[in-house]
Amino acid sequence: MDRRRFILSSGLTAALALPTLRAWGMSPDIQAVTADGRDIVLKSDAVRDLAAQLRGNVLLPGDPTYDKARWVWNAQMLTRRPALIVQPRGAADVSAAVQFARASNLLLAVKCGGHSPSGKSTCHRGLLIDLSLLRGVRVDPAQRLARVAGGSLLGDLDREAMAHGLVTTAGTVSHTGVGGLTLGGGFGRVARRFGLSLDNLRSVEIVTASGEILRAAPDENAELFWGTRGGGGNFGVVTGFDFGLHPMQRQVVGGVLMYPLSMARQVMRFYSEYEAAAPDELYLSCAIASNNDFSGRSGIAFLVCHSGSPQAAAAAMRDLRALGKPVLDTVTTMDYVALQRSGDLDEKRAIGSYTKTGFVRRIEPGLIDAMVDGLAEHPERAVHVGFQHVGGAASRIAADATAFPHRSIHATALLTVDWPGDVEPSKHIEWLLKYWGAIVPHTNGFYTNDATEETQKQLDENYLGNLPRLMALKKRYDPTNLFRLNANVRPG
Ligand SMILES: Cc1cc2nc3c(=O)[nH]c(=O)nc-3n(C[C@H](O)[C@H](O)[C@H](O)COP(=O)(O)OP(=O)(O)OC[C@H]3O[C@@H](n4cnc5c(N)ncnc54)[C@H](O)[C@@H]3O)c2cc1C
């Protein structure tokens with residue numbers, strides 16, 4: 001966690017904001033766009049008034065930090081340029097920005113980690129609320145609670161919690177945002193033990209479309225709390241998350257066990273049986289990496305995290321290693337936080353990528369064939385295809401207990417193609433979509449956090465029986481659909 005950022009005083013904030021205000025001295029009004037695509041002009045006086053209210057920053061194109069602030073994952077494909085960016089330092093700043101956007105019906109995006117593969121956390125010519133200055137985690141070990149600021153990254157949470165021998169479910173790449181991941185789901189290495197990230201939420205602080213700052217929890221605004229757990233950013237900007245934590249040992253057994261690509265079908269068949277019977281302590285994803293991968297090789301890999309007893313972990317590894325001679329075996333006893341960082345990318349800005357995912361209840365032989373056969377004729381770029389392990393505690397929750405309804409899944413089927421930032425993407429996307437066509441009949445719904453170009457109808461259907469309740473909530477808290485750049489729920 002960047003503690004210096006978290007504790008910056010308002011005095012320093014004012015100093016940081018000054019150059020921007022000076023740059024606006026002669027600046028003309030700002031061309032922008034409404035949520036429904038109409039051109040509008042924002043008066044520079046109005047923007048200056050907004051800036052004067054904030055502890056945080058307002059950035060305009062041309063500001064030295066504007067490009068950094070608008071950065072999102074998949075930057076090669078997502079080149080959108082907001083008309084202005086607000087970097088809040090607290091819920092009051094968020095509230096001011098939301099009210100400013102609502103007053104002009106301005107297109108509004110909200111960004112935490114910026115990992116949305118389809119760019120839901122950025123916008124072109126609208127207002128971007130960039131939560132990157134709102135980072136910080138405080139752990140209350142006695143209450144087993146982590147209080148997490150709304151712009152924090154997963155690595156912040158893992159590191160601070162594990163310093164107390166505590167953990168909650170987070171995703172597998174530490175520079176992913178807590179915000180987007182938790183509000184849409186949250187799969188990770190301990191989800192089979194402790195449920196999804198959203199299942200571990202105890203309460204949130206949320207700024208709704210009216211600009212109100214509310215607490216939502218089982219005992220207060222309970223329906224709103226229900227909706228935030230799976231409804232994405234549809235109901236407001238979450239400025240604080242309280243997560244329940246669980247005791248867990250720091251040392252787990254983790255790493256990558258990779259077999260040659262020629263064993264892909266055999267390994268996946270074994271996997272389909274083994275994962276279905278695995279204990280909750282074993283997280284066992286299985287992925288084919290081609291041309292580029294976790295290690296610089298091609299092959300079919302188990303991605304392991306065993307957080308049970310050393311004896312149980314050793315027995316599981318004996319089973320997995322009995323399949324043959326691996327081309328890579330990094331599985332060892334290791335620090336959980338280090339494992340959580342092991343998939344981080346050093347130069348995430350230089351990569352373009354395209355992903356399709358779908359939920360899987362059973363890994364059937366036909367699905368394995370489609371997965372393996374589809375790899376043929378790939379366009380010689382980095383390809384990752386396989387299954388992220390779910391099930392366990394995440395599937396022992398009722399479909400209507402939270403807004404996230406997909407509880408009978410065992411895995412997420414995932415296809416990703418990556419390419420260097422300077423390569424023309426269309427042939428890679430076309431290839432992936434053709435491949436995906438053979439996988440999709442074996443899936444049941446999809447992970448909205450990874451949704452790329454789904455239609456409103458597909459999004460509606462994906463909320464299953466929870467849709468009417470979500471639409472009613474949307475009508476109550478965001479009747480004009482101000483928060484629409486997400487897996488959108490229309491006001492009903
Ligand atoms: C490299 C990589 C690894 C991943 N690994 C996993 C994984 O292991 N498990 C998993 O479950 N998912 C994983 N994902 C998918 C991940 O859940 C989504 O990308 C998610 O959007 C990331 O959250 P973010 O805060 O970075 O997203 P952002 O792009 O910042 O936001 C995504 C959406 O959430 C909204 N939002 C974000 N923060 C807030 C907030 N505080 N209040 C209101 N709305 C908000 C945004 O407006 C936007 O609609 C991964 C994605 C990538 C790119």
# chains A, B, ... in the order shown; residues from 1 in each chain; ligands from 1

call {"tool": "residues_near_ligand", "arguments": {"ligand": "ligand 1", "cutoff": "7 Å", "atoms": "only C-alpha atoms and all ligand atoms", "output": "PyMOL selection string"}}
result
chain A and resi 72-73+109-117+119-121+150-151+170-173+176-181+183-188+232-233+236-239+449-450+485-487

call {"tool": "residues_around", "arguments": {"residues": "Lys434 of chain A", "least_positions_apart": "5", "cutoff": "10 Å", "atoms": "only C-alpha atoms", "output": "ChimeraX atom specification"}}
result
/A:374,429,439

call {"tool": "write_last_selection", "arguments": {"atoms": "all heavy atoms", "output": "PDB file, in the first residue's frame"}}
result
ATOM      1  N   GLY A 374      -9.545 -26.225 -30.233  1.00  0.00           N
ATOM      2  CA  GLY A 374      -9.603 -24.823 -30.662  1.00  0.00           C
ATOM      3  C   GLY A 374      -8.255 -24.135 -30.702  1.00  0.00           C
ATOM      4  O   GLY A 374      -8.093 -23.088 -31.332  1.00  0.00           O
ATOM      5  N   ILE A 429      -8.653 -11.048 -32.262  1.00  0.00           N
ATOM      6  CA  ILE A 429     -10.018 -11.048 -31.714  1.00  0.00           C
ATOM      7  C   ILE A 429     -10.908 -11.987 -32.537  1.00  0.00           C
ATOM      8  O   ILE A 429     -11.666 -12.787 -31.979  1.00  0.00           O
ATOM      9  CB  ILE A 429     -10.570  -9.609 -31.680  1.00  0.00           C
ATOM     10  CG1 ILE A 429      -9.747  -8.780 -30.699  1.00  0.00           C
ATOM     11  CG2 ILE A 429     -12.037  -9.587 -31.298  1.00  0.00           C
ATOM     12  CD1 ILE A 429     -10.054  -7.301 -30.708  1.00  0.00           C
ATOM     13  N   ILE A 439     -16.903 -23.161 -27.384  1.00  0.00           N
ATOM     14  CA  ILE A 439     -16.888 -23.327 -25.919  1.00  0.00           C
ATOM     15  C   ILE A 439     -18.233 -22.934 -25.312  1.00  0.00           C
ATOM     16  O   ILE A 439     -18.731 -23.550 -24.374  1.00  0.00           O
ATOM     17  CB  ILE A 439     -15.796 -22.419 -25.287  1.00  0.00           C
ATOM     18  CG1 ILE A 439     -14.428 -22.638 -25.943  1.00  0.00           C
ATOM     19  CG2 ILE A 439     -15.745 -22.565 -23.770  1.00  0.00           C
ATOM     20  CD1 ILE A 439     -13.668 -23.817 -25.504  1.00  0.00           C
TER      21      ILE A 439
END

call {"tool": "residues_around", "arguments": {"residues": "Lys43 of chain A", "least_positions_apart": "3", "cutoff": "8 Å", "atoms": "only C-alpha atoms", "output": "list in words"}}
result
Pro28, Asp29, Ile30, Ala46 and Val47 of chain A

call {"tool": "residues_around", "arguments": {"residues": "Ala287 of chain A", "least_positions_apart": "3", "cutoff": "10 Å", "atoms": "only C-alpha atoms", "output": "short mmCIF file (atom, residue, chain, number, x, y, z; two decimals) with N, CA, C and O atoms, in the first residue's frame"}}
result
data_model
loop_
_atom_site.label_atom_id
_atom_site.label_comp_id
_atom_site.auth_asym_id
_atom_site.auth_seq_id
_atom_site.Cartn_x
_atom_site.Cartn_y
_atom_site.Cartn_z
N MET A 258 3.60 -27.78 -14.65
CA MET A 258 3.24 -27.77 -16.07
C MET A 258 3.70 -29.04 -16.78
O MET A 258 4.84 -29.47 -16.62
N ALA A 264 -2.29 -32.17 -23.16
CA ALA A 264 -3.38 -31.27 -22.77
C ALA A 264 -4.69 -32.01 -22.51
O ALA A 264 -5.35 -31.81 -21.48
N VAL A 267 -4.49 -34.31 -19.36
CA VAL A 267 -4.42 -33.56 -18.10
C VAL A 267 -5.78 -32.93 -17.79
O VAL A 267 -6.25 -32.97 -16.65
N MET A 268 -6.45 -32.41 -18.82
CA MET A 268 -7.76 -31.80 -18.56
C MET A 268 -8.79 -32.84 -18.13
O MET A 268 -9.66 -32.55 -17.30
N LEU A 284 -7.33 -25.27 -7.50
CA LEU A 284 -6.57 -25.92 -8.57
C LEU A 284 -7.12 -25.45 -9.91
O LEU A 284 -8.10 -26.00 -10.41
N SER A 290 0.14 -21.00 -24.41
CA SER A 290 0.79 -21.26 -25.67
C SER A 290 1.52 -20.02 -26.13
O SER A 290 0.97 -18.92 -26.08
N ASP A 293 3.68 -17.57 -21.48
CA ASP A 293 2.92 -18.10 -20.36
C ASP A 293 3.50 -17.64 -19.07
O ASP A 293 4.23 -16.68 -19.00
N GLY A 299 2.61 -25.15 -22.56
CA GLY A 299 2.27 -26.39 -21.88
C GLY A 299 0.89 -26.30 -21.27
O GLY A 299 0.17 -25.32 -21.44
N ILE A 300 0.54 -27.37 -20.54
CA ILE A 300 -0.72 -27.34 -19.78
C ILE A 300 -0.37 -27.36 -18.31
O ILE A 300 0.39 -28.22 -17.85
N ALA A 301 -0.90 -26.40 -17.59
CA ALA A 301 -0.42 -26.18 -16.22
C ALA A 301 -1.54 -26.29 -15.20
O ALA A 301 -2.68 -25.89 -15.46
N PHE A 302 -1.17 -26.82 -14.04
CA PHE A 302 -2.00 -26.66 -12.85
C PHE A 302 -1.48 -25.44 -12.11
O PHE A 302 -0.27 -25.31 -11.90
N LEU A 303 -2.40 -24.58 -11.70
CA LEU A 303 -2.03 -23.43 -10.89
C LEU A 303 -2.56 -23.72 -9.49
O LEU A 303 -3.78 -23.82 -9.29
N MET A 371 -11.89 -27.10 -26.05
CA MET A 371 -10.79 -26.28 -25.51
C MET A 371 -9.47 -26.66 -26.19
O MET A 371 -8.70 -25.80 -26.60
N VAL A 383 -1.47 -17.12 -25.77
CA VAL A 383 -2.84 -17.56 -25.55
C VAL A 383 -2.91 -18.28 -24.20
O VAL A 383 -2.07 -19.12 -23.91
N HIS A 384 -3.87 -17.92 -23.39
CA HIS A 384 -4.13 -18.65 -22.15
C HIS A 384 -5.57 -19.14 -22.23
O HIS A 384 -6.47 -18.32 -22.40
N VAL A 385 -5.76 -20.42 -22.10
CA VAL A 385 -7.14 -20.92 -22.07
C VAL A 385 -7.24 -21.95 -20.96
O VAL A 385 -6.28 -22.68 -20.71
N GLY A 386 -8.36 -21.99 -20.29
CA GLY A 386 -8.48 -22.97 -19.23
C GLY A 386 -9.58 -22.63 -18.25
O GLY A 386 -10.55 -21.96 -18.61
N PHE A 387 -9.38 -23.11 -17.03
CA PHE A 387 -10.43 -23.01 -16.02
C PHE A 387 -9.89 -22.41 -14.74
O PHE A 387 -8.85 -22.83 -14.23
N GLN A 388 -10.61 -21.40 -14.23
CA GLN A 388 -10.32 -20.91 -12.88
C GLN A 388 -11.24 -21.66 -11.93
O GLN A 388 -12.46 -21.71 -12.12
N ALA A 413 -14.65 -20.87 -17.30
CA ALA A 413 -13.86 -21.15 -18.51
C ALA A 413 -13.37 -19.82 -19.05
O ALA A 413 -14.14 -18.86 -19.15
N LEU A 414 -12.12 -19.76 -19.39
CA LEU A 414 -11.49 -18.48 -19.72
C LEU A 414 -10.62 -18.63 -20.96
O LEU A 414 -9.78 -19.53 -21.02
N LEU A 415 -10.84 -17.80 -21.93
CA LEU A 415 -9.96 -17.74 -23.11
C LEU A 415 -9.40 -16.32 -23.19
O LEU A 415 -10.16 -15.36 -23.20
#

call {"tool": "closest_residue", "arguments": {"among": "A:Ile368, A:Val190, A:Ala83, A:Leu339", "to": "Val41 of chain A", "atoms": "only C-alpha atoms"}}
result
A:Ala83

call {"tool": "residues_around", "arguments": {"residues": "Leu42 of chain A", "least_positions_apart": "5", "cutoff": "12 Å", "atoms": "only C-alpha atoms", "output": "list in words"}}
result
Ser27, Pro28, Asp29, Ile30, Gln31, Ala32, Val33, Thr34, Val47, Arg48, Asp49, Leu50, Ala83, Leu84, Phe100, Ala101, Ala103, Ser104, Asn105, Leu106, Arg125, Gly126 and Leu127 of chain A

call {"tool": "select_by_dssp", "arguments": {"residues": "segment 387-464 of chain A", "states": "helix (DSSP H, G or I)", "output": "PyMOL selection string"}}
result
chain A and resi 392-395+426-442+448-450+456-462+464

call {"tool": "closest_residue", "arguments": {"among": "A:Asp369, A:Val58, A:Gly136, A:Ile85", "to": "Arg265 of chain A", "atoms": "only C-alpha atoms"}}
result
A:Asp369

call {"tool": "closest_residue", "arguments": {"among": "A:Val372, A:Leu282, A:Ala399, A:Leu128", "to": "Tyr463 of chain A", "atoms": "only C-alpha atoms"}}
result
A:Ala399

call {"tool": "residues_around", "arguments": {"residues": "Gln311 of chain A", "least_positions_apart": "5", "cutoff": "12 Å", "atoms": "only C-alpha atoms", "output": "list of chain:residue names"}}
result
A:Val252, A:Val253, A:His306, A:Ala316, A:Met317, A:Arg318, A:Thr333

call {"tool": "decode", "arguments": {"residues": "segment 251-370 of chain A", "atoms": "C-alpha atoms", "output": "PDB file, in the first residue's frame"}}
result
ATOM      1  CA  GLN A 251       2.765 -20.448   4.424  1.00  0.00           C
ATOM      2  CA  VAL A 252       0.752 -22.275   1.759  1.00  0.00           C
ATOM      3  CA  VAL A 253       1.722 -24.729  -0.959  1.00  0.00           C
ATOM      4  CA  GLY A 254       1.550 -22.968  -4.288  1.00  0.00           C
ATOM      5  CA  GLY A 255       3.016 -22.537  -7.719  1.00  0.00           C
ATOM      6  CA  VAL A 256       2.794 -23.932 -11.233  1.00  0.00           C
ATOM      7  CA  LEU A 257       3.046 -27.569 -12.290  1.00  0.00           C
ATOM      8  CA  MET A 258       3.236 -27.766 -16.069  1.00  0.00           C
ATOM      9  CA  TYR A 259       3.091 -30.716 -18.424  1.00  0.00           C
ATOM     10  CA  PRO A 260       3.853 -30.721 -22.171  1.00  0.00           C
ATOM     11  CA  LEU A 261       1.186 -29.360 -24.506  1.00  0.00           C
ATOM     12  CA  SER A 262       0.874 -32.850 -26.034  1.00  0.00           C
ATOM     13  CA  MET A 263      -0.697 -33.980 -22.712  1.00  0.00           C
ATOM     14  CA  ALA A 264      -3.382 -31.266 -22.768  1.00  0.00           C
ATOM     15  CA  ARG A 265      -6.371 -33.582 -23.275  1.00  0.00           C
ATOM     16  CA  GLN A 266      -5.196 -36.174 -20.764  1.00  0.00           C
ATOM     17  CA  VAL A 267      -4.421 -33.556 -18.103  1.00  0.00           C
ATOM     18  CA  MET A 268      -7.764 -31.796 -18.559  1.00  0.00           C
ATOM     19  CA  ARG A 269      -9.640 -35.095 -18.279  1.00  0.00           C
ATOM     20  CA  PHE A 270      -7.827 -35.876 -15.054  1.00  0.00           C
ATOM     21  CA  TYR A 271      -8.508 -32.330 -13.872  1.00  0.00           C
ATOM     22  CA  SER A 272     -12.248 -32.549 -14.501  1.00  0.00           C
ATOM     23  CA  GLU A 273     -12.541 -35.480 -12.070  1.00  0.00           C
ATOM     24  CA  TYR A 274     -10.024 -34.228  -9.552  1.00  0.00           C
ATOM     25  CA  GLU A 275     -11.288 -30.671  -9.149  1.00  0.00           C
ATOM     26  CA  ALA A 276     -14.858 -31.871  -8.668  1.00  0.00           C
ATOM     27  CA  ALA A 277     -13.834 -33.915  -5.616  1.00  0.00           C
ATOM     28  CA  ALA A 278     -11.220 -31.499  -4.238  1.00  0.00           C
ATOM     29  CA  PRO A 279     -11.381 -30.255  -0.633  1.00  0.00           C
ATOM     30  CA  ASP A 280     -12.122 -26.550  -0.088  1.00  0.00           C
ATOM     31  CA  GLU A 281      -8.474 -25.918   0.871  1.00  0.00           C
ATOM     32  CA  LEU A 282      -7.307 -26.857  -2.625  1.00  0.00           C
ATOM     33  CA  TYR A 283      -7.560 -24.243  -5.349  1.00  0.00           C
ATOM     34  CA  LEU A 284      -6.570 -25.921  -8.568  1.00  0.00           C
ATOM     35  CA  SER A 285      -6.913 -24.003 -11.775  1.00  0.00           C
ATOM     36  CA  CYS A 286      -5.862 -25.575 -15.035  1.00  0.00           C
ATOM     37  CA  ALA A 287      -4.722 -23.640 -18.070  1.00  0.00           C
ATOM     38  CA  ILE A 288      -3.061 -24.161 -21.393  1.00  0.00           C
ATOM     39  CA  ALA A 289      -0.452 -21.542 -22.161  1.00  0.00           C
ATOM     40  CA  SER A 290       0.790 -21.263 -25.672  1.00  0.00           C
ATOM     41  CA  ASN A 291       3.610 -19.123 -27.046  1.00  0.00           C
ATOM     42  CA  ASN A 292       3.968 -17.217 -23.857  1.00  0.00           C
ATOM     43  CA  ASP A 293       2.915 -18.096 -20.365  1.00  0.00           C
ATOM     44  CA  PHE A 294       3.585 -18.051 -16.669  1.00  0.00           C
ATOM     45  CA  SER A 295       7.198 -19.099 -17.293  1.00  0.00           C
ATOM     46  CA  GLY A 296       8.121 -18.419 -20.906  1.00  0.00           C
ATOM     47  CA  ARG A 297       7.113 -21.921 -22.021  1.00  0.00           C
ATOM     48  CA  SER A 298       4.125 -23.610 -23.630  1.00  0.00           C
ATOM     49  CA  GLY A 299       2.268 -26.392 -21.880  1.00  0.00           C
ATOM     50  CA  ILE A 300      -0.716 -27.339 -19.783  1.00  0.00           C
ATOM     51  CA  ALA A 301      -0.418 -26.178 -16.219  1.00  0.00           C
ATOM     52  CA  PHE A 302      -2.000 -26.662 -12.845  1.00  0.00           C
ATOM     53  CA  LEU A 303      -2.033 -23.425 -10.887  1.00  0.00           C
ATOM     54  CA  VAL A 304      -2.005 -24.532  -7.290  1.00  0.00           C
ATOM     55  CA  CYS A 305      -2.776 -23.035  -3.909  1.00  0.00           C
ATOM     56  CA  HIS A 306      -3.241 -25.519  -1.061  1.00  0.00           C
ATOM     57  CA  SER A 307      -4.001 -23.780   2.203  1.00  0.00           C
ATOM     58  CA  GLY A 308      -4.750 -26.928   4.208  1.00  0.00           C
ATOM     59  CA  SER A 309      -2.418 -29.035   6.335  1.00  0.00           C
ATOM     60  CA  PRO A 310       1.084 -29.764   4.985  1.00  0.00           C
ATOM     61  CA  GLN A 311       0.191 -33.480   4.897  1.00  0.00           C
ATOM     62  CA  ALA A 312      -2.948 -32.897   2.819  1.00  0.00           C
ATOM     63  CA  ALA A 313      -1.054 -30.588   0.470  1.00  0.00           C
ATOM     64  CA  ALA A 314       1.737 -33.156   0.022  1.00  0.00           C
ATOM     65  CA  ALA A 315      -0.810 -35.887  -0.770  1.00  0.00           C
ATOM     66  CA  ALA A 316      -2.520 -33.682  -3.387  1.00  0.00           C
ATOM     67  CA  MET A 317       0.814 -32.860  -4.999  1.00  0.00           C
ATOM     68  CA  ARG A 318       1.698 -36.552  -5.153  1.00  0.00           C
ATOM     69  CA  ASP A 319      -1.538 -37.127  -7.125  1.00  0.00           C
ATOM     70  CA  LEU A 320      -0.828 -34.256  -9.506  1.00  0.00           C
ATOM     71  CA  ARG A 321       2.830 -35.151 -10.028  1.00  0.00           C
ATOM     72  CA  ALA A 322       1.970 -38.762 -10.798  1.00  0.00           C
ATOM     73  CA  LEU A 323       0.659 -37.750 -14.220  1.00  0.00           C
ATOM     74  CA  GLY A 324       4.069 -37.737 -15.881  1.00  0.00           C
ATOM     75  CA  LYS A 325       7.262 -35.790 -16.259  1.00  0.00           C
ATOM     76  CA  PRO A 326       6.538 -32.069 -15.908  1.00  0.00           C
ATOM     77  CA  VAL A 327       8.242 -29.425 -18.019  1.00  0.00           C
ATOM     78  CA  LEU A 328       8.044 -27.052 -15.083  1.00  0.00           C
ATOM     79  CA  ASP A 329       7.397 -27.507 -11.391  1.00  0.00           C
ATOM     80  CA  THR A 330       7.558 -24.450  -9.143  1.00  0.00           C
ATOM     81  CA  VAL A 331       5.125 -25.774  -6.540  1.00  0.00           C
ATOM     82  CA  THR A 332       6.590 -25.355  -3.086  1.00  0.00           C
ATOM     83  CA  THR A 333       5.759 -24.069   0.365  1.00  0.00           C
ATOM     84  CA  MET A 334       5.590 -20.326   0.047  1.00  0.00           C
ATOM     85  CA  ASP A 335       4.309 -17.062   1.433  1.00  0.00           C
ATOM     86  CA  TYR A 336       0.645 -16.515   0.536  1.00  0.00           C
ATOM     87  CA  VAL A 337       1.150 -12.809  -0.251  1.00  0.00           C
ATOM     88  CA  ALA A 338       4.069 -13.658  -2.549  1.00  0.00           C
ATOM     89  CA  LEU A 339       1.891 -16.247  -4.302  1.00  0.00           C
ATOM     90  CA  GLN A 340      -0.805 -13.623  -4.734  1.00  0.00           C
ATOM     91  CA  ARG A 341       1.749 -11.409  -6.494  1.00  0.00           C
ATOM     92  CA  SER A 342       3.284 -14.147  -8.592  1.00  0.00           C
ATOM     93  CA  GLY A 343       1.044 -13.479 -11.597  1.00  0.00           C
ATOM     94  CA  ASP A 344       1.553  -9.707 -11.640  1.00  0.00           C
ATOM     95  CA  LEU A 345       2.732  -8.146 -14.851  1.00  0.00           C
ATOM     96  CA  ASP A 346       5.707  -5.817 -14.823  1.00  0.00           C
ATOM     97  CA  GLU A 347       4.711  -3.924 -17.929  1.00  0.00           C
ATOM     98  CA  LYS A 348       0.963  -4.191 -18.021  1.00  0.00           C
ATOM     99  CA  ARG A 349       0.630  -1.095 -20.177  1.00  0.00           C
ATOM    100  CA  ALA A 350       2.382  -2.595 -23.201  1.00  0.00           C
ATOM    101  CA  ILE A 351      -0.117  -5.379 -23.772  1.00  0.00           C
ATOM    102  CA  GLY A 352      -3.348  -5.655 -25.671  1.00  0.00           C
ATOM    103  CA  SER A 353      -5.674  -8.478 -24.727  1.00  0.00           C
ATOM    104  CA  TYR A 354      -9.099  -9.890 -25.419  1.00  0.00           C
ATOM    105  CA  THR A 355     -10.968 -12.280 -23.139  1.00  0.00           C
ATOM    106  CA  LYS A 356     -14.137 -14.373 -23.161  1.00  0.00           C
ATOM    107  CA  THR A 357     -15.363 -16.211 -20.097  1.00  0.00           C
ATOM    108  CA  GLY A 358     -18.296 -18.377 -19.118  1.00  0.00           C
ATOM    109  CA  PHE A 359     -19.348 -20.300 -16.039  1.00  0.00           C
ATOM    110  CA  VAL A 360     -19.099 -24.074 -16.037  1.00  0.00           C
ATOM    111  CA  ARG A 361     -21.047 -26.474 -13.835  1.00  0.00           C
ATOM    112  CA  ARG A 362     -19.243 -29.592 -15.038  1.00  0.00           C
ATOM    113  CA  ILE A 363     -16.165 -29.929 -17.189  1.00  0.00           C
ATOM    114  CA  GLU A 364     -17.609 -32.344 -19.739  1.00  0.00           C
ATOM    115  CA  PRO A 365     -15.513 -34.297 -22.285  1.00  0.00           C
ATOM    116  CA  GLY A 366     -17.018 -32.188 -25.096  1.00  0.00           C
ATOM    117  CA  LEU A 367     -15.819 -29.016 -23.426  1.00  0.00           C
ATOM    118  CA  ILE A 368     -12.316 -30.411 -23.034  1.00  0.00           C
ATOM    119  CA  ASP A 369     -12.252 -31.351 -26.723  1.00  0.00           C
ATOM    120  CA  ALA A 370     -13.433 -27.868 -27.724  1.00  0.00           C
TER     121      ALA A 370
END
